[in-house]
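First the structure, in the form of structure tokens, and then the observations on it.
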Amino acid sequence: MGSYEPKLVCFSCKFGWGYLNDEDALAKQIKNWVPIICSGKVDSSHILNAFRQGADGVLILGCRGGDCHYQDGNYEAKKRVYLLHKILESYGIEKERLRIELSIDPEGSRIPQLVKEMSDRIAKLGPVKKIGERAKTAAVV
Amino acid sequence: MWKTESRGIARAEEAVKQFLPPCQIKCPINEDIQRTNVLISLLPDDPNLAKEGIIQISDYLYNKNPFFNICGYICGLCELECNYKARGGAVRRRLLKRFLSDCYTDYLKQKEEFSIVKDKENVAIIGGGPGGLMCAYVLSKKGYRVTVFESSNRLGGALWLIPFYRLPEEVLKTTVDNLVRVAGIDVKFGAKLGEGKLTIERLKNEGYKAVFLAKGTPYPRVLTFDGEVVEGQDLSGVMYGHTLLYEVSHGNIGPNYFKGKKLIVIGGGNVAFDVARTAKRLGGDVTVVCLESEDKSSRDGIPADEEEISAAWEEGLKIIYSRGVKKIIGEHGKFKGIDCPKCTSVFDEKGFNPKFDCSECIDLQGDLLIITVGQVVDRAFLQREGLVDERGRLVVDPFTLQSLRKEQVFIGGDVRRIGFMVEAMKEGMVAADSIERYLRGLDMREGRKRDYEGYGLPLRKSYKPETEVVWIPPEKRMHFQLFERGLTLEEARAEAKRCITCGPCVSCKACISIGFEKSLYPVEVDRERCSGCGICVYACNYNAAHLIDTEGRILSATDMFKCKSCGMCVVACPSDARRLVEDDTEQRIAKVVASL
């Protein structure tokens, strides 16, 4: 348990996060990072698929409320996270494993920090069981 | 820090039939407003890095509009059509440009000259105002050897009549002087066409293959009543607003020049207000008298801008509406007062045709009368050169600006029709295009007419209130320094962020220019998968996704002109029928997920 390091997938909006920094340099500091043009472009299936493939957590970084370049993408993403929490819980995946933060950080220096903070919290929860396996276990019970 | 790229795929495209944001349609030169607003909103906090960004954005603007630093002080036409107007106030584009200008004007002094191979014909530009300089700029960049003939000893033309409290002398001078330097344009000062031996014929003989005539309106219009010139305009104490603005701009009038004097300014246009506010700053007690009524929305409403009127009012000027001048009263050759009948209507079906009720007259007494009722062209010169018809009107094709009397002569700017600075600039651009076509033997009209269509306000959850414009309080601004405060970096960024980028992507491409996106991905709909449910229509904030009826089946489609390639519809589609062609986001996500 002590050496367990959670696998986190991080999506971040390009208009709010890290646009002043070199993307490749940032990518070296952030594992499993996907900069994306708008947080509203992160599909529910992307998130569920990540959990299915063994992610222990998903962090979505959208731009500040009211700042979305595509009008309301960040708001859509927030709604989606809210709904997904319900679905994830029904699979037995704690809702702490999916998080959205709407803020701005042009340098992107907060991204590794936020990933670390979330990893630390998830480490306490332990590894996630893959969605498929949970379903199998549930069926056996 | 990002680096902008404006070539290749990042070039904002022009098309014959084009959708544009409404601000860019309103701007006579269709400046790339949306693109530069997006870039301003992404400027960094660090002032040095921000400066680097500002110069990149400004260089881009400068390429098309070498007057943009000046627009930032005095234009703002684009704001009249901003979609945000209906939601709390137009995006303050003028102040955003002034924000750029505050940094760029200094940079202009050391801006490197364009490297241009000058291998094309000699072209003469008559008049160094915004119209003439714009034409010279465009042609010079294309390799023509351009000479500007300026009658005075400085470039800028009528821009010099704008008081320094609105447009600082330094900004104007730096802009025009560096424009000719950067673009490699020759200037001959003190060269007045029509005086001495300098004629259009002579220019032709000297090897100038084309001429752009943009002489402006050098003379003030005299005051008339009922079609007759009002007598007494030669009295001592009567002057024209133009003369005053000209002398003030040359520094020939000292402070408190009008101290203790009672002045009457005639006129209701912006220039009249420039004159009145200038006179007030010189210590005078000023009353403005105009034909038009106070109600700006009516046909007979005062033409001056709302901002000018409220600023004048704040500064303690009196305004008397709906009055004409029937008589100028003098005593011993000196101005005493005016006789003002009530003006009952200014315009009728035929246009300007004021009617008066002479039974209701007031007498106004004063020490000085300043007439500012418009400007006129040098009619005698145009007649001598044979450019006018028998009624004295210019004979020119309004589309190409080519003279119908002399084919190598093109005419534009105020001399053709009095307008805003940017309208003269537009005419300069049109003339440059025409001159190029004329000299290259191309069709004068083909493919030039552009048809623009505006965009509506996109849907969003919330809209932000506008930034306040800050003016120095009236008691502290009775001088010729700027009275409006510019935006700080933080304010500029916030204001630029307010822009809802309602226009299409193809004319913007800000995201591509800084590498956020690789291209504008078109949306593709899989006809087999699409069920025609319409969820994409609901998800799209731009009215791009819509339903169509094909062969009895309802399918979804995307209007590529309105689409922003945001992918919101792709995410929303429950049947996975939509995708963005060539977008690698899916692959990037799949790659990360697969590596877990």
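Labels used: A, B, ... for chains in the order of the structure tokens, numbers from 1 for residues in each chain, and numbers from 1 for ligands as shown.
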Show me, as an MDAnalysis selection string, every residue of chain A with an atom at most 10 Å from chain B, counting only C-alpha atoms. chainID A and resid 7:11 14:16 18:22 31:47 49:56 65:73 75:76 106:107
Where does range 46-139 of chain B meet range 417-422 of chain B within 8 Å, residue by residue, with the nearest atom pair and distance in Å to one decimal for each, counting only C-alpha atoms, listed by chain and rising number, as JSON lines?
{"residue": "B:Cys71", "atom": "CA", "partner": "B:Val422", "partner_atom": "CA", "distance": 7.8}
{"residue": "B:Cys75", "atom": "CA", "partner": "B:Val422", "partner_atom": "CA", "distance": 7.6}
{"residue": "B:Pro130", "atom": "CA", "partner": "B:Met421", "partner_atom": "CA", "distance": 6.4}
{"residue": "B:Gly131", "atom": "CA", "partner": "B:Met421", "partner_atom": "CA", "distance": 7.8}
Neighbouring residues of Glu331 in chain B were defined as those with any atom within 12 Å, considering only C-alpha atoms; residues of the same chain fewer than 2 positions away were excluded. Please report them as an NGL selection string. :B and (232 or 235-237 or 328-329 or 333-338 or 365 or 367)
Would you compute the distance between CA of Ser6 in chain B and CA of Gly456 in chain B? Give it in Å to one decimal. 26.7 Å
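Distances to Leu48 in chain A were evaluated for A:Arg97, A:Glu23, A:Leu61, A:Gln29 using only C-alpha atoms, and the minimum falls at A:Arg97.
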Could you pull out all residues of range 220-394 of chain B with a DSSP call of strand (DSSP E or B) and give them as a PyMOL selection string? chain B and resi 220+224-225+228-229+236+238-240+262-266+285-289+293+301+318-320+323+327-331+334-348+351-365+368-371+375-376+388+394
CA of Leu39 in chain B and CA of Lys51 in chain B, how far apart in Å?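 About the pair CA of Lys51 in chain B and CA of Leu39 in chain B: they are 12.5 Å apart.
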If you run DSSP on the backbone here, which positions in range 451-527 of chain B get helix (DSSP H, G or I)? Please write them as a list in words.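 Selecting the helix (DSSP H, G or I) positions of range 451-527 of chain B gives Pro474, Glu475, Lys476, Leu489, Glu490, Glu491, Ala492, Arg493, Ala494, Glu495, Ala496, Lys497, Arg498, Ala510, Cys511, Ile512 and Ser513 of chain B.
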Dump as a PDB file, in the first residue's frame, selection limited to C-alpha atoms:
ATOM      1  CA  PRO B 474     -14.256  68.453 -15.535  1.00  0.00           C
ATOM      2  CA  GLU B 475     -12.782  70.811 -12.962  1.00  0.00           C
ATOM      3  CA  LYS B 476      -9.385  69.145 -13.456  1.00  0.00           C
ATOM      4  CA  LEU B 489      -3.144  45.477 -18.632  1.00  0.00           C
ATOM      5  CA  GLU B 490      -5.529  43.731 -16.294  1.00  0.00           C
ATOM      6  CA  GLU B 491      -8.523  45.790 -17.427  1.00  0.00           C
ATOM      7  CA  ALA B 492      -7.632  45.304 -21.075  1.00  0.00           C
ATOM      8  CA  ARG B 493      -7.402  41.558 -20.648  1.00  0.00           C
ATOM      9  CA  ALA B 494     -10.725  41.404 -18.859  1.00  0.00           C
ATOM     10  CA  GLU B 495     -12.400  43.605 -21.448  1.00  0.00           C
ATOM     11  CA  ALA B 496     -10.968  41.559 -24.330  1.00  0.00           C
ATOM     12  CA  LYS B 497     -12.172  38.422 -22.603  1.00  0.00           C
ATOM     13  CA  ARG B 498     -15.688  39.855 -22.644  1.00  0.00           C
ATOM     14  CA  ALA B 510      -6.473  33.403 -33.318  1.00  0.00           C
ATOM     15  CA  CYS B 511      -6.290  29.873 -31.878  1.00  0.00           C
ATOM     16  CA  ILE B 512      -4.347  28.589 -34.872  1.00  0.00           C
ATOM     17  CA  SER B 513      -2.002  31.575 -34.934  1.00  0.00           C
TER      18      SER B 513
END
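Here CA of Tyr107 in chain B is placed at a distance of 19.6 Å from CA of Leu155 in chain B.
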With distances taken over only C-alpha atoms, the candidate from A:Cys63, A:Ala123, A:Met118, A:Leu84 nearest Tyr4 in chain A is A:Ala123
Which polymer residues have any atom within 7 Å of an atom of Leu404 in chain B, counting only C-alpha atoms, with same-chain residues fewer than 6 positions away left out, as number ranges by chain? B: 395-397
Tell me which protein, DNA and RNA residues are within 8 Å of Ala90 in chain B, counting only C-alpha atoms, leaving out same-chain ones fewer than 2 positions away, and put them as a VMD selection string. chain B and resid 79 to 86 88 92 466
Name the residues in contact with Gln110 in chain B at a cut-off of 10 Å, using only C-alpha atoms, excluding same-chain residues fewer than 5 positions from it; report them as an mmCIF file with C-alpha atoms, in the first residue's frame.
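So part13.cif came out as:
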data_model
loop_
_atom_site.group_PDB
_atom_site.id
_atom_site.type_symbol
_atom_site.label_atom_id
_atom_site.label_comp_id
_atom_site.auth_asym_id
_atom_site.auth_seq_id
_atom_site.Cartn_x
_atom_site.Cartn_y
_atom_site.Cartn_z
ATOM 1 C CA THR B 105 3.519 54.258 -30.376
ATOM 2 C CA ASN B 178 6.848 56.637 -39.063
ATOM 3 C CA VAL B 182 8.488 52.312 -42.455
#
Tell me which protein, DNA and RNA residues are within 10 Å of Arg445 in chain B, counting only C-alpha atoms, leaving out same-chain ones fewer than 6 positions away, and put them as JSON, numbers by chain. {"B": [399, 400, 434, 437]}
Output the selection as an mmCIF file, in the first residue's frame - C-alpha atoms for each residue.
data_model
loop_
_atom_site.group_PDB
_atom_site.id
_atom_site.type_symbol
_atom_site.label_atom_id
_atom_site.label_comp_id
_atom_site.auth_asym_id
_atom_site.auth_seq_id
_atom_site.Cartn_x
_atom_site.Cartn_y
_atom_site.Cartn_z
ATOM 1 C CA PHE B 399 -17.007 52.161 -56.854
ATOM 2 C CA THR B 400 -13.487 52.438 -58.272
ATOM 3 C CA SER B 434 -7.903 50.619 -58.499
ATOM 4 C CA ARG B 437 -5.625 47.357 -61.593
#
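The closest residue to Cys13 in chain A, picked from A:Lys79, A:Arg64, A:Lys86, A:Lys95 and counting only C-alpha atoms, is A:Arg64.
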